[in-house]
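Visitor: File coords_13.pdb below, PDB, C-alpha atoms:
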MODEL        1
ATOM      1  CA  MET A1435      88.376 152.238 101.752
ATOM      2  CA  CYS A1436      91.379 154.328 102.703
ATOM      3  CA  GLU A1437      93.307 155.697  99.747
ATOM      4  CA  ASP A1438      96.476 153.971 100.965
ATOM      5  CA  ASP A1439      94.709 150.591 101.053
ATOM      6  CA  LEU A1440      94.399 150.627  97.270
ATOM      7  CA  PRO A1441      96.935 148.665  95.219
ATOM      8  CA  VAL A1442      99.944 150.665  94.077
ATOM      9  CA  ILE A1443     100.131 150.758  90.284
ATOM     10  CA  PRO A1444     103.572 151.212  88.698
ATOM     11  CA  LEU A1445     104.031 154.060  86.255
ATOM     12  CA  CYS A1446     106.410 152.052  84.064
ATOM     13  CA  THR A1447     104.051 149.456  82.585
ATOM     14  CA  GLY A1448     103.140 148.585  79.042
ATOM     15  CA  ASP A1449     104.723 150.329  76.066
ATOM     16  CA  PRO A1450     106.332 153.557  77.336
ATOM     17  CA  LEU A1451     106.493 154.920  73.762
ATOM     18  CA  ARG A1452     102.806 155.701  74.099
ATOM     19  CA  TYR A1453     103.721 158.690  76.280
ATOM     20  CA  ILE A1454     105.560 160.355  73.345
ATOM     21  CA  PRO A1455     103.113 162.156  71.070
ATOM     22  CA  ALA A1456     103.027 160.964  67.451
ATOM     23  CA  ALA A1457     103.766 164.488  66.245
ATOM     24  CA  MET A1458     106.983 164.518  68.256
ATOM     25  CA  LYS A1459     108.018 161.191  66.765
ATOM     26  CA  ARG A1460     107.434 162.524  63.240
ATOM     27  CA  VAL A1461     109.358 165.718  63.882
ATOM     28  CA  LEU A1462     112.208 164.360  65.930
ATOM     29  CA  GLY A1463     112.613 161.088  64.159
ATOM     30  CA  THR A1464     113.389 157.750  65.685
ATOM     31  CA  VAL A1465     116.736 158.663  67.253
ATOM     32  CA  LEU A1466     115.554 161.805  69.005
ATOM     33  CA  ALA A1467     112.348 160.099  70.060
ATOM     34  CA  ALA A1468     114.421 157.363  71.635
ATOM     35  CA  SER A1469     116.473 160.018  73.458
ATOM     36  CA  ALA A1470     113.313 161.661  74.743
ATOM     37  CA  LEU A1471     112.115 158.256  75.865
ATOM     38  CA  ALA A1472     115.370 157.689  77.731
ATOM     39  CA  ILE A1473     114.931 160.997  79.567
ATOM     40  CA  PHE A1474     111.289 160.236  80.338
ATOM     41  CA  GLY A1475     112.073 156.760  81.563
ATOM     42  CA  SER A1476     115.058 157.689  83.689
ATOM     43  CA  ALA A1477     112.888 157.800  86.805
ATOM     44  CA  CYS A1478     111.512 154.359  86.070
ATOM     45  CA  SER A1479     113.708 151.485  87.134
ATOM     46  CA  ARG A1480     113.266 147.852  87.890
ATOM     47  CA  ASN A1481     113.459 148.725  91.594
ATOM     48  CA  ASN A1482     110.327 150.859  91.332
ATOM     49  CA  ILE A1483     108.380 148.033  89.729
ATOM     50  CA  GLU A1484     109.665 145.450  92.196
ATOM     51  CA  ALA A1485     108.716 147.776  95.066
ATOM     52  CA  VAL A1486     105.161 147.995  93.769
ATOM     53  CA  ASN A1487     104.958 144.242  93.354
ATOM     54  CA  LEU A1488     106.196 143.711  96.909
ATOM     55  CA  ALA A1489     103.697 146.259  98.252
ATOM     56  CA  ASN A1490     100.846 144.496  96.497
ATOM     57  CA  GLU A1491     102.016 141.181  97.961
ATOM     58  CA  GLY A1492     102.043 142.905 101.346
ATOM     59  CA  ASP A1493      98.415 143.885 100.792
ATOM     60  CA  LYS A1494      97.554 140.211 100.277
ATOM     61  CA  ASP A1495      99.373 139.248 103.482
ATOM     62  CA  ARG A1496      97.523 141.929 105.374
ATOM     63  CA  ALA A1497      94.170 140.765 104.000
ATOM     64  CA  ALA A1498      95.070 137.270 105.223
ATOM     65  CA  ASN A1499      95.811 138.685 108.715
ATOM     66  CA  ASN A1500      99.533 138.042 108.263
ATOM     67  CA  LEU A1501     100.546 141.449 109.543
ATOM     68  CA  ASP A1502     104.189 140.563 110.149
ATOM     69  CA  GLY A1503     104.463 139.284 106.589
ATOM     70  CA  ALA A1504     102.861 142.474 105.273
ATOM     71  CA  ILE A1505     105.264 144.667 107.234
ATOM     72  CA  SER A1506     108.229 142.702 105.925
ATOM     73  CA  LYS A1507     107.047 143.182 102.332
ATOM     74  CA  TYR A1508     106.351 146.903 102.822
ATOM     75  CA  GLU A1509     109.756 147.430 104.437
ATOM     76  CA  GLN A1510     111.496 145.711 101.527
ATOM     77  CA  ALA A1511     109.453 147.799  99.112
ATOM     78  CA  THR A1512     110.388 151.082 100.777
ATOM     79  CA  ASN A1513     114.055 150.103 100.651
ATOM     80  CA  LEU A1514     113.753 149.528  96.908
ATOM     81  CA  ASP A1515     111.793 152.727  96.303
ATOM     82  CA  PRO A1516     112.093 155.177  99.222
ATOM     83  CA  LEU A1517     110.331 157.899  97.203
ATOM     84  CA  ASN A1518     106.976 156.106  96.929
ATOM     85  CA  HIS A1519     104.886 157.780  99.618
ATOM     86  CA  ARG A1520     101.946 155.427  99.151
ATOM     87  CA  ILE A1521     104.052 152.434 100.150
ATOM     88  CA  LEU A1522     105.278 154.386 103.166
ATOM     89  CA  GLY A1523     101.635 155.042 104.028
ATOM     90  CA  LYS A1524     100.845 151.330 103.886
ATOM     91  CA  LEU A1525     103.835 150.605 106.123
ATOM     92  CA  ALA A1526     102.749 153.272 108.638
ATOM     93  CA  THR A1527      99.222 151.859 108.940
ATOM     94  CA  ALA A1528     100.637 148.344 109.364
ATOM     95  CA  TYR A1529     102.890 149.586 112.167
ATOM     96  CA  GLN A1530      99.810 151.245 113.665
ATOM     97  CA  LYS A1531      98.029 147.887 113.820
ATOM     98  CA  LYS A1532     100.990 146.542 115.798
ATOM     99  CA  GLU A1533     100.987 149.661 118.015
ATOM    100  CA  GLN A1534     104.620 150.319 117.107
ATOM    101  CA  TRP A1535     104.099 154.042 117.565
ATOM    102  CA  ASP A1536     107.728 155.131 117.205
ATOM    103  CA  LYS A1537     107.882 153.476 113.782
ATOM    104  CA  VAL A1538     104.542 154.979 112.783
ATOM    105  CA  ALA A1539     105.866 158.455 113.602
ATOM    106  CA  THR A1540     109.162 158.107 111.744
ATOM    107  CA  THR A1541     107.514 156.515 108.702
ATOM    108  CA  CYS A1542     104.859 159.216 108.496
ATOM    109  CA  ALA A1543     107.518 161.915 108.775
ATOM    110  CA  LYS A1544     109.155 160.474 105.656
ATOM    111  CA  ALA A1545     105.821 160.293 103.820
ATOM    112  CA  GLU A1546     105.007 163.911 104.718
ATOM    113  CA  LYS A1547     108.164 165.148 103.022
ATOM    114  CA  LEU A1548     107.196 163.337  99.825
ATOM    115  CA  ALA A1549     103.480 164.235  99.938
ATOM    116  CA  PRO A1550     103.099 167.416 102.039
ATOM    117  CA  LYS A1551      99.430 167.819 101.085
ATOM    118  CA  HIS A1552      98.404 164.359 102.296
ATOM    119  CA  ALA A1553      96.430 164.985 105.509
ATOM    120  CA  THR A1554      96.284 161.348 106.591
ATOM    121  CA  TYR A1555     100.046 161.155 107.096
ATOM    122  CA  TYR A1556      99.977 164.107 109.487
ATOM    123  CA  PHE A1557      97.032 162.623 111.367
ATOM    124  CA  LEU A1558      98.729 159.249 111.810
ATOM    125  CA  HIS A1559     101.942 161.049 112.830
ATOM    126  CA  GLY A1560     100.125 163.101 115.472
ATOM    127  CA  HIS A1561      98.191 160.073 116.723
ATOM    128  CA  ALA A1562     101.420 158.112 117.105
ATOM    129  CA  LEU A1563     103.092 160.925 119.057
ATOM    130  CA  MET A1564     100.002 161.166 121.251
ATOM    131  CA  GLN A1565     100.164 157.458 122.034
ATOM    132  CA  GLN A1566     103.853 157.779 122.865
ATOM    133  CA  ALA A1567     103.113 160.715 125.166
ATOM    134  CA  VAL A1568     101.092 158.446 127.463
ATOM    135  CA  LYS A1569     104.269 156.766 128.698
ATOM    136  CA  GLY A1570     106.981 158.854 127.018
ATOM    137  CA  PRO A1571     109.433 159.621 125.546
ATOM    138  CA  THR A1572     107.467 162.268 123.644
ATOM    139  CA  GLY A1573     105.375 164.999 125.262
ATOM    140  CA  TRP A1574     101.771 165.909 124.538
ATOM    141  CA  ALA A1575     102.828 169.181 122.924
ATOM    142  CA  ASP A1576     104.762 167.221 120.283
ATOM    143  CA  ALA A1577     101.546 165.750 118.905
ATOM    144  CA  LYS A1578      99.832 169.087 118.382
ATOM    145  CA  PRO A1579     101.553 170.460 115.218
ATOM    146  CA  PRO A1580     100.963 167.399 112.988
ATOM    147  CA  LEU A1581      97.328 167.152 114.124
ATOM    148  CA  GLU A1582      96.763 170.836 113.397
ATOM    149  CA  GLU A1583      98.364 170.419 109.971
ATOM    150  CA  ALA A1584      96.121 167.423 109.236
ATOM    151  CA  ILE A1585      93.039 169.473 110.085
ATOM    152  CA  LYS A1586      94.313 172.399 108.025
ATOM    153  CA  LEU A1587      94.688 170.108 105.012
ATOM    154  CA  ASP A1588      91.412 168.247 105.601
ATOM    155  CA  PRO A1589      88.996 169.887 108.059
ATOM    156  CA  ASN A1590      86.666 166.874 107.806
ATOM    157  CA  LEU A1591      89.044 164.483 109.602
ATOM    158  CA  ALA A1592      86.879 163.894 112.675
ATOM    159  CA  ASP A1593      89.434 161.667 114.422
ATOM    160  CA  ALA A1594      92.095 164.359 114.046
ATOM    161  CA  HIS A1595      89.780 166.851 115.806
ATOM    162  CA  PHE A1596      89.180 164.310 118.570
ATOM    163  CA  ASP A1597      92.888 163.606 119.046
ATOM    164  CA  LEU A1598      93.595 167.335 119.124
ATOM    165  CA  ALA A1599      90.960 167.680 121.854
ATOM    166  CA  GLU A1600      92.713 164.979 123.897
ATOM    167  CA  VAL A1601      96.047 166.733 123.417
ATOM    168  CA  ASN A1602      94.591 170.114 124.398
ATOM    169  CA  LEU A1603      93.071 168.558 127.513
ATOM    170  CA  HIS A1604      96.433 167.178 128.607
ATOM    171  CA  LEU A1605      97.964 170.594 127.967
ATOM    172  CA  ASP A1606      95.344 172.172 130.287
ATOM    173  CA  ASP A1607      93.701 173.998 127.394
ATOM    174  CA  GLU A1608      90.127 173.165 128.367
ATOM    175  CA  ALA A1609      88.575 175.735 126.022
ATOM    176  CA  GLY A1610      90.551 174.299 123.115
ATOM    177  CA  ALA A1611      89.507 170.778 124.107
ATOM    178  CA  LEU A1612      85.810 171.741 124.227
ATOM    179  CA  GLN A1613      86.053 173.279 120.766
ATOM    180  CA  SER A1614      87.905 170.315 119.265
ATOM    181  CA  TYR A1615      85.505 167.758 120.772
ATOM    182  CA  THR A1616      82.620 169.781 119.353
ATOM    183  CA  ASN A1617      84.327 169.907 115.950
ATOM    184  CA  ALA A1618      84.788 166.128 116.007
ATOM    185  CA  ILE A1619      81.074 165.630 116.680
ATOM    186  CA  SER A1620      80.086 168.008 113.879
ATOM    187  CA  LYS A1621      82.248 166.060 111.399
ATOM    188  CA  LYS A1622      81.113 162.593 112.499
ATOM    189  CA  PRO A1623      77.897 162.857 114.538
ATOM    190  CA  ASP A1624      77.320 159.096 114.705
ATOM    191  CA  ASN A1625      80.501 158.413 116.730
ATOM    192  CA  LEU A1626      79.097 158.109 120.255
ATOM    193  CA  ALA A1627      82.532 158.120 121.906
ATOM    194  CA  PHE A1628      82.915 161.776 120.948
ATOM    195  CA  TYR A1629      79.805 162.727 122.943
ATOM    196  CA  SER A1630      80.891 161.006 126.160
ATOM    197  CA  ALA A1631      84.311 162.692 126.043
ATOM    198  CA  LEU A1632      82.751 166.137 125.605
ATOM    199  CA  ALA A1633      80.139 165.468 128.289
ATOM    200  CA  GLU A1634      82.775 164.291 130.794
ATOM    201  CA  LEU A1635      84.645 167.560 130.328
ATOM    202  CA  TYR A1636      81.461 169.589 130.750
ATOM    203  CA  ILE A1637      80.716 167.675 133.977
ATOM    204  CA  ARG A1638      84.249 168.311 135.220
ATOM    205  CA  LEU A1639      83.718 172.018 134.574
ATOM    206  CA  ASN A1640      80.303 171.805 136.321
ATOM    207  CA  TYR A1641      78.298 172.576 133.177
ATOM    208  CA  ILE A1642      75.795 169.847 134.019
ATOM    209  CA  ASP A1643      72.963 170.991 131.757
ATOM    210  CA  LEU A1644      75.280 171.264 128.756
ATOM    211  CA  ALA A1645      76.578 167.755 129.485
ATOM    212  CA  GLU A1646      73.010 166.455 129.572
ATOM    213  CA  GLN A1647      72.244 168.078 126.213
ATOM    214  CA  VAL A1648      75.342 166.545 124.627
ATOM    215  CA  LEU A1649      74.571 163.068 125.945
ATOM    216  CA  THR A1650      70.926 163.229 124.898
ATOM    217  CA  GLN A1651      72.032 164.229 121.410
ATOM    218  CA  GLY A1652      74.477 161.327 121.344
ATOM    219  CA  VAL A1653      71.846 158.784 122.389
ATOM    220  CA  SER A1654      69.705 159.905 119.441
ATOM    221  CA  PHE A1655      72.353 158.372 117.140
ATOM    222  CA  ALA A1656      72.446 155.088 119.061
ATOM    223  CA  LYS A1657      72.615 151.813 117.207
ATOM    224  CA  GLU A1658      71.925 148.425 118.744
ATOM    225  CA  GLY A1659      75.115 146.864 120.016
ATOM    226  CA  ASP A1660      77.197 150.052 120.099
ATOM    227  CA  LYS A1661      79.465 149.620 123.137
ATOM    228  CA  ALA A1662      79.838 153.386 123.502
ATOM    229  CA  LEU A1663      76.226 153.486 124.733
ATOM    230  CA  PHE A1664      77.430 152.206 128.095
ATOM    231  CA  ASN A1665      79.331 155.417 128.802
ATOM    232  CA  LEU A1666      76.529 157.675 127.547
ATOM    233  CA  HIS A1667      73.858 156.068 129.719
ATOM    234  CA  SER A1668      76.190 155.841 132.730
ATOM    235  CA  LEU A1669      76.978 159.551 132.486
ATOM    236  CA  LEU A1670      73.298 160.419 132.094
ATOM    237  CA  GLY A1671      72.557 158.325 135.178
ATOM    238  CA  ASP A1672      75.202 160.268 137.096
ATOM    239  CA  ILE A1673      73.679 163.563 135.949
ATOM    240  CA  TYR A1674      70.196 162.544 137.123
ATOM    241  CA  ASP A1675      71.706 161.395 140.422
ATOM    242  CA  ARG A1676      73.166 164.871 140.803
ATOM    243  CA  LYS A1677      69.748 166.346 140.037
ATOM    244  CA  ARG A1678      68.147 163.934 142.532
ATOM    245  CA  ASP A1679      65.878 162.495 139.844
ATOM    246  CA  VAL A1680      66.231 158.884 141.015
ATOM    247  CA  SER A1681      63.640 157.459 138.628
ATOM    248  CA  LYS A1682      65.490 158.784 135.568
ATOM    249  CA  ALA A1683      68.817 157.705 137.049
ATOM    250  CA  VAL A1684      67.512 154.137 137.424
ATOM    251  CA  SER A1685      66.342 154.100 133.801
ATOM    252  CA  GLU A1686      69.726 155.273 132.554
ATOM    253  CA  TYR A1687      71.709 152.852 134.730
ATOM    254  CA  GLU A1688      69.491 150.003 133.525
ATOM    255  CA  ALA A1689      70.173 151.052 129.934
ATOM    256  CA  ALA A1690      73.910 151.220 130.698
ATOM    257  CA  LYS A1691      73.930 147.704 132.131
ATOM    258  CA  LYS A1692      72.001 146.410 129.117
ATOM    259  CA  ALA A1693      74.496 148.093 126.780
ATOM    260  CA  CYS A1694      77.506 146.435 128.414
ATOM    261  CA  GLY A1695      75.931 142.967 128.385
ATOM    262  CA  PRO A1696      77.992 140.747 130.696
ATOM    263  CA  CYS A1697      79.962 143.855 131.705
ATOM    264  CA  ASN A1698      83.279 142.040 131.529
ATOM    265  CA  GLU A1699      85.375 144.865 130.126
ATOM    266  CA  ALA A1700      87.521 147.097 132.324
ATOM    267  CA  GLY A1701      85.454 149.734 134.086
ATOM    268  CA  GLN A1702      82.086 148.249 133.163
ATOM    269  CA  GLN A1703      81.586 146.419 136.470
ATOM    270  CA  ILE A1704      80.725 149.769 138.032
ATOM    271  CA  ALA A1705      77.340 149.246 136.352
ATOM    272  CA  PHE A1706      76.421 146.791 139.137
ATOM    273  CA  PHE A1707      77.169 149.348 141.834
ATOM    274  CA  ASN A1708      75.429 152.226 140.042
ATOM    275  CA  LEU A1709      72.267 150.218 139.470
ATOM    276  CA  GLY A1710      72.254 148.702 142.955
ATOM    277  CA  ALA A1711      72.691 152.098 144.581
ATOM    278  CA  ALA A1712      69.941 153.559 142.389
ATOM    279  CA  TYR A1713      67.496 150.767 143.302
ATOM    280  CA  ALA A1714      68.335 151.357 146.974
ATOM    281  CA  SER A1715      67.589 155.093 146.605
ATOM    282  CA  LEU A1716      64.089 154.650 145.242
ATOM    283  CA  ASN A1717      61.110 155.358 147.489
ATOM    284  CA  PRO A1718      60.258 152.655 148.325
ATOM    285  CA  PRO A1719      63.563 150.944 147.566
ATOM    286  CA  ARG A1720      63.687 147.850 145.364
ATOM    287  CA  LYS A1721      65.519 145.891 148.046
ATOM    288  CA  SER A1722      66.038 142.472 146.506
ATOM    289  CA  GLU A1723      67.163 143.922 143.176
ATOM    290  CA  ALA A1724      69.453 146.393 144.901
ATOM    291  CA  ILE A1725      71.148 143.696 146.991
ATOM    292  CA  ALA A1726      71.512 141.419 143.956
ATOM    293  CA  GLN A1727      73.336 144.131 141.987
ATOM    294  CA  LEU A1728      75.498 145.122 144.955
ATOM    295  CA  GLN A1729      76.332 141.463 145.522
ATOM    296  CA  SER A1730      77.531 141.148 141.930
ATOM    297  CA  PHE A1731      79.697 144.232 142.425
ATOM    298  CA  GLN A1732      81.093 142.790 145.649
ATOM    299  CA  LYS A1733      82.097 139.527 143.971
ATOM    300  CA  THR A1734      83.578 140.982 140.796
ATOM    301  CA  ILE A1735      85.334 144.054 142.218
ATOM    302  CA  CYS A1736      85.599 144.210 145.987
ATOM    303  CA  LYS A1737      87.125 140.745 146.262
ATOM    304  CA  GLY A1738      89.376 141.169 143.267
ATOM    305  CA  ALA A1739      92.438 143.023 142.104
ATOM    306  CA  ALA A1740      90.443 146.198 141.371
ATOM    307  CA  ALA A1741      89.274 146.601 144.990
ATOM    308  CA  ALA A1742      91.778 149.352 145.765
ATOM    309  CA  ARG A1743      90.516 151.412 142.832
ATOM    310  CA  TYR A1744      86.925 151.233 144.089
ATOM    311  CA  THR A1745      87.465 151.467 147.829
ATOM    312  CA  ASP A1746      84.732 154.075 148.348
ATOM    313  CA  GLN A1747      82.162 152.168 146.289
ATOM    314  CA  CYS A1748      82.945 148.889 148.070
ATOM    315  CA  THR A1749      82.396 150.579 151.429
ATOM    316  CA  GLN A1750      79.167 152.192 150.228
ATOM    317  CA  ALA A1751      77.918 148.866 148.855
ATOM    318  CA  GLN A1752      78.293 147.262 152.296
ATOM    319  CA  GLN A1753      76.560 150.197 153.974
ATOM    320  CA  LEU A1754      73.653 150.159 151.506
ATOM    321  CA  ALA A1755      73.174 146.404 151.928
ATOM    322  CA  THR A1756      73.108 146.776 155.717
ATOM    323  CA  LYS A1757      70.594 149.615 155.445
ATOM    324  CA  LEU A1758      68.380 147.425 153.282
ATOM    325  CA  GLY A1759      68.544 144.605 155.865
ATOM    326  CA  GLY A1760      70.850 142.362 153.841
ATOM    327  CA  THR A1761      74.477 141.350 153.728
ATOM    328  CA  LEU A1762      77.111 140.990 151.037
ATOM    329  CA  GLN A1763      79.109 137.765 150.992
TER
ENDMDL
END
Step by step, read the file and then write its structure as structure tokens.

Guide:
Amino acid sequence: MCEDDLPVIPLCTGDPLRYIPAAMKRVLGTVLAASALAIFGSACSRNNIEAVNLANEGDKDRAANNLDGAISKYEQATNLDPLNHRILGKLATAYQKKEQWDKVATTCAKAEKLAPKHATYYFLHGHALMQQAVKGPTGWADAKPPLEEAIKLDPNLADAHFDLAEVNLHLDDEAGALQSYTNAISKKPDNLAFYSALAELYIRLNYIDLAEQVLTQGVSFAKEGDKALFNLHSLLGDIYDRKRDVSKAVSEYEAAKKACGPCNEAGQQIAFFNLGAAYASLNPPRKSEAIAQLQSFQKTICKGAAAARYTDQCTQAQQLATKLGGTLQ
């Protein structure tokens, strides 16, 4: 459980006199003890307590999947007590769920000023700026300082390393991206998405053997049903295609198709083309299986809205089918 998911407990509960040592009461007497109590309690107001109560109600709304209700409660709470960084943290993560990245960034900036040693606020801030950089108005460079600060405060934040790698990649710092992807893997080796990102960069830089090593390591952490396996096996299939090891390529493409199941998600339909082309490349080719896979690709992609994106593959699919003595409808 994230620290900011825990209920906020007010400081001003119960009998506040318990905070004044008995010895002080004896020495100072009742009047002075009361004065000390007044000084001690000056920071505690009804607003603080009401803010905590509202935040805890917001937690209940969030648990009930009423995210809008939770945000409303957190916003009211922060208005009552703008110095409670934990409530700001809850509000920031709720905004994150709604992908309201500008609000995440501004809320985290406030929390950072109140709790400058809290790494999570810097991470969420950097992640929000990174998401905004995709379409603007922020730039990729804006996300770098908060992510670096998050890592400085907590080097074990694997997602912060990964986000920093993505930022470095967009800033054309490929060496920095390789290092940050590697750091992310070392902190959370069971996150398969980290391996595919690092391997894709190695492939882009033509370090094919290093990419293969990374992907093989990633597959060793595979768990049944992990959707990230699709990318790992697809990339391994591509590597074995490059190495002209068709048998291994077929095995990897088959594993990729199995991992994506119905292959309905964006980008997964390429599994039909990859596997069909691999079957066609075998010696002897597995003709009927190749045509069946290419036919599925033709129906789902080449006759749909994504055809323009896969123009080359659609053309190749037709050519392969013709070569195999079949046709694609």

Visitor: Taking (102.1, 155.1, 101.4) in the file's own coordinates, collect the residues within 12 Å, counting all atoms listed in the file, and hand them back as a PyMOL selection string.

Guide: chain A and resi 1436-1442+1485-1486+1489-1490+1493+1508-1509+1511-1512+1515-1528+1538+1541-1549+1552+1554-1555+1558

Visitor: Determine, counting all atoms listed in the file, which protein, DNA and RNA residues have an atom within 6 Å of an atom of A:Ala1584; residues of the same chain fewer than 5 positions away are not included. Present the result as a list in words.

Guide: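 In the requested format, the answer is Ala1553, Tyr1556 and Phe1557 of chain A.
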
Visitor: Run the PyMOL selection byres ((chain A and resi 1585-1595) around 12) mentally over the shown coordinates, then write out the matched residues as an MDAnalysis selection string, using the chain letters and numbers from the document.

Guide: chainID A and resid 1549:1562 1564 1577:1584 1596:1602 1610:1625 1627:1628

Visitor: I need the output of the PyMOL selection byres ((chain A and resi 1736-1740) around 12) for this file as a list in words; which residues are they?

Guide: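 Taken on the displayed file, the PyMOL selection byres ((chain A and resi 1736-1740) around 12) yields the residues Ala1700, Gly1701, Gln1702, Gln1703, Ile1704, Phe1706, Phe1707, Leu1728, Gln1729, Ser1730, Phe1731, Gln1732, Lys1733, Thr1734, Ile1735, Ala1741, Ala1742, Arg1743, Tyr1744, Thr1745, Asp1746, Gln1747, Cys1748, Thr1749, Gln1750, Ala1751, Gln1752, Leu1762 and Gln1763 of chain A.
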
Visitor: Decode the PyMOL selection byres ((chain A and resi 1716) around 12) for the given file into explicit residues and return them as an mmCIF file with C-alpha atoms, in the frame of the given file.

Guide:
data_model
loop_
_atom_site.group_PDB
_atom_site.id
_atom_site.type_symbol
_atom_site.label_atom_id
_atom_site.label_comp_id
_atom_site.auth_asym_id
_atom_site.auth_seq_id
_atom_site.Cartn_x
_atom_site.Cartn_y
_atom_site.Cartn_z
ATOM 1 C CA ASP A 1675 71.706 161.395 140.422
ATOM 2 C CA ARG A 1678 68.147 163.934 142.532
ATOM 3 C CA ASP A 1679 65.878 162.495 139.844
ATOM 4 C CA VAL A 1680 66.231 158.884 141.015
ATOM 5 C CA SER A 1681 63.640 157.459 138.628
ATOM 6 C CA LYS A 1682 65.490 158.784 135.568
ATOM 7 C CA ALA A 1683 68.817 157.705 137.049
ATOM 8 C CA VAL A 1684 67.512 154.137 137.424
ATOM 9 C CA SER A 1685 66.342 154.100 133.801
ATOM 10 C CA LEU A 1709 72.267 150.218 139.470
ATOM 11 C CA GLY A 1710 72.254 148.702 142.955
ATOM 12 C CA ALA A 1711 72.691 152.098 144.581
ATOM 13 C CA ALA A 1712 69.941 153.559 142.389
ATOM 14 C CA TYR A 1713 67.496 150.767 143.302
ATOM 15 C CA ALA A 1714 68.335 151.357 146.974
ATOM 16 C CA SER A 1715 67.589 155.093 146.605
ATOM 17 C CA ASN A 1717 61.110 155.358 147.489
ATOM 18 C CA PRO A 1718 60.258 152.655 148.325
ATOM 19 C CA PRO A 1719 63.563 150.944 147.566
ATOM 20 C CA ARG A 1720 63.687 147.850 145.364
ATOM 21 C CA LYS A 1721 65.519 145.891 148.046
ATOM 22 C CA GLU A 1723 67.163 143.922 143.176
ATOM 23 C CA ALA A 1724 69.453 146.393 144.901
ATOM 24 C CA LEU A 1758 68.380 147.425 153.282
#

Visitor: What are the centre and edge lengths in Å, to one decimal, of the axis-aligned box around all listed atoms of stretch 1598-1603 of chain A with 4 Å added on each side, as AutoDock Vina command-line options?

Guide:
--center_x 93.5 --center_y 167.5 --center_z 123.3 --size_x 13.1 --size_y 13.1 --size_z 16.4

Visitor: Which distance in Å separates atom CA of A:Asp1660 and atom CA of A:Ser1630, to one decimal?

Guide: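 Result for atom CA of A:Asp1660 versus atom CA of A:Ser1630: 13.1 Å, one decimal.
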
Visitor: By how many Å are atom CA of A:Asp1672 and atom CA of A:Lys1757 apart?

Guide: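 Calculated distance between atom CA of A:Asp1672 and atom CA of A:Lys1757 is 21.7 Å.
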
Visitor: In terms of the shortest atom-to-atom distance over only C-alpha atoms, which of A:Ala1633, A:Glu1491, A:Glu1608, A:Lys1692 is closest to A:Leu1669?

Guide: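 Checking each of A:Ala1633, A:Glu1491, A:Glu1608, A:Lys1692 against A:Leu1669, counting only C-alpha atoms, the winner is A:Ala1633.
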
Visitor: Of the candidates A:Ala1690, A:Ile1673, A:Leu1603, A:Arg1638, which shows the shortest atom-to-atom distance to A:Gly1659, using all atoms listed in the file?

Guide: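 Among the listed residues, the smallest separation from A:Gly1659 belongs to A:Ala1690.
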
Visitor: To one decimal in Å, tell me the separation between atom CA of A:Ala1498 and atom CA of A:Tyr1529.

Guide: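 Atom CA of A:Tyr1529 lies 16.2 Å from atom CA of A:Ala1498.
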
Visitor: Point out the residue among A:Glu1699, A:Asp1502, A:Asp1643, A:Asp1606 with the least atom-to-atom distance to A:Lys1661, counting all atoms listed in the file.

Guide: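 Closest to A:Lys1661 of all the choices is A:Glu1699.
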
Visitor: Counting all atoms listed in the file, which residue out of A:Lys1677, A:His1604, A:Lys1494, A:Arg1480 sits closest to A:Ala1567?

Guide: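 Of A:Lys1677, A:His1604, A:Lys1494, A:Arg1480, the one nearest A:Ala1567 is A:His1604, counting all atoms listed in the file.
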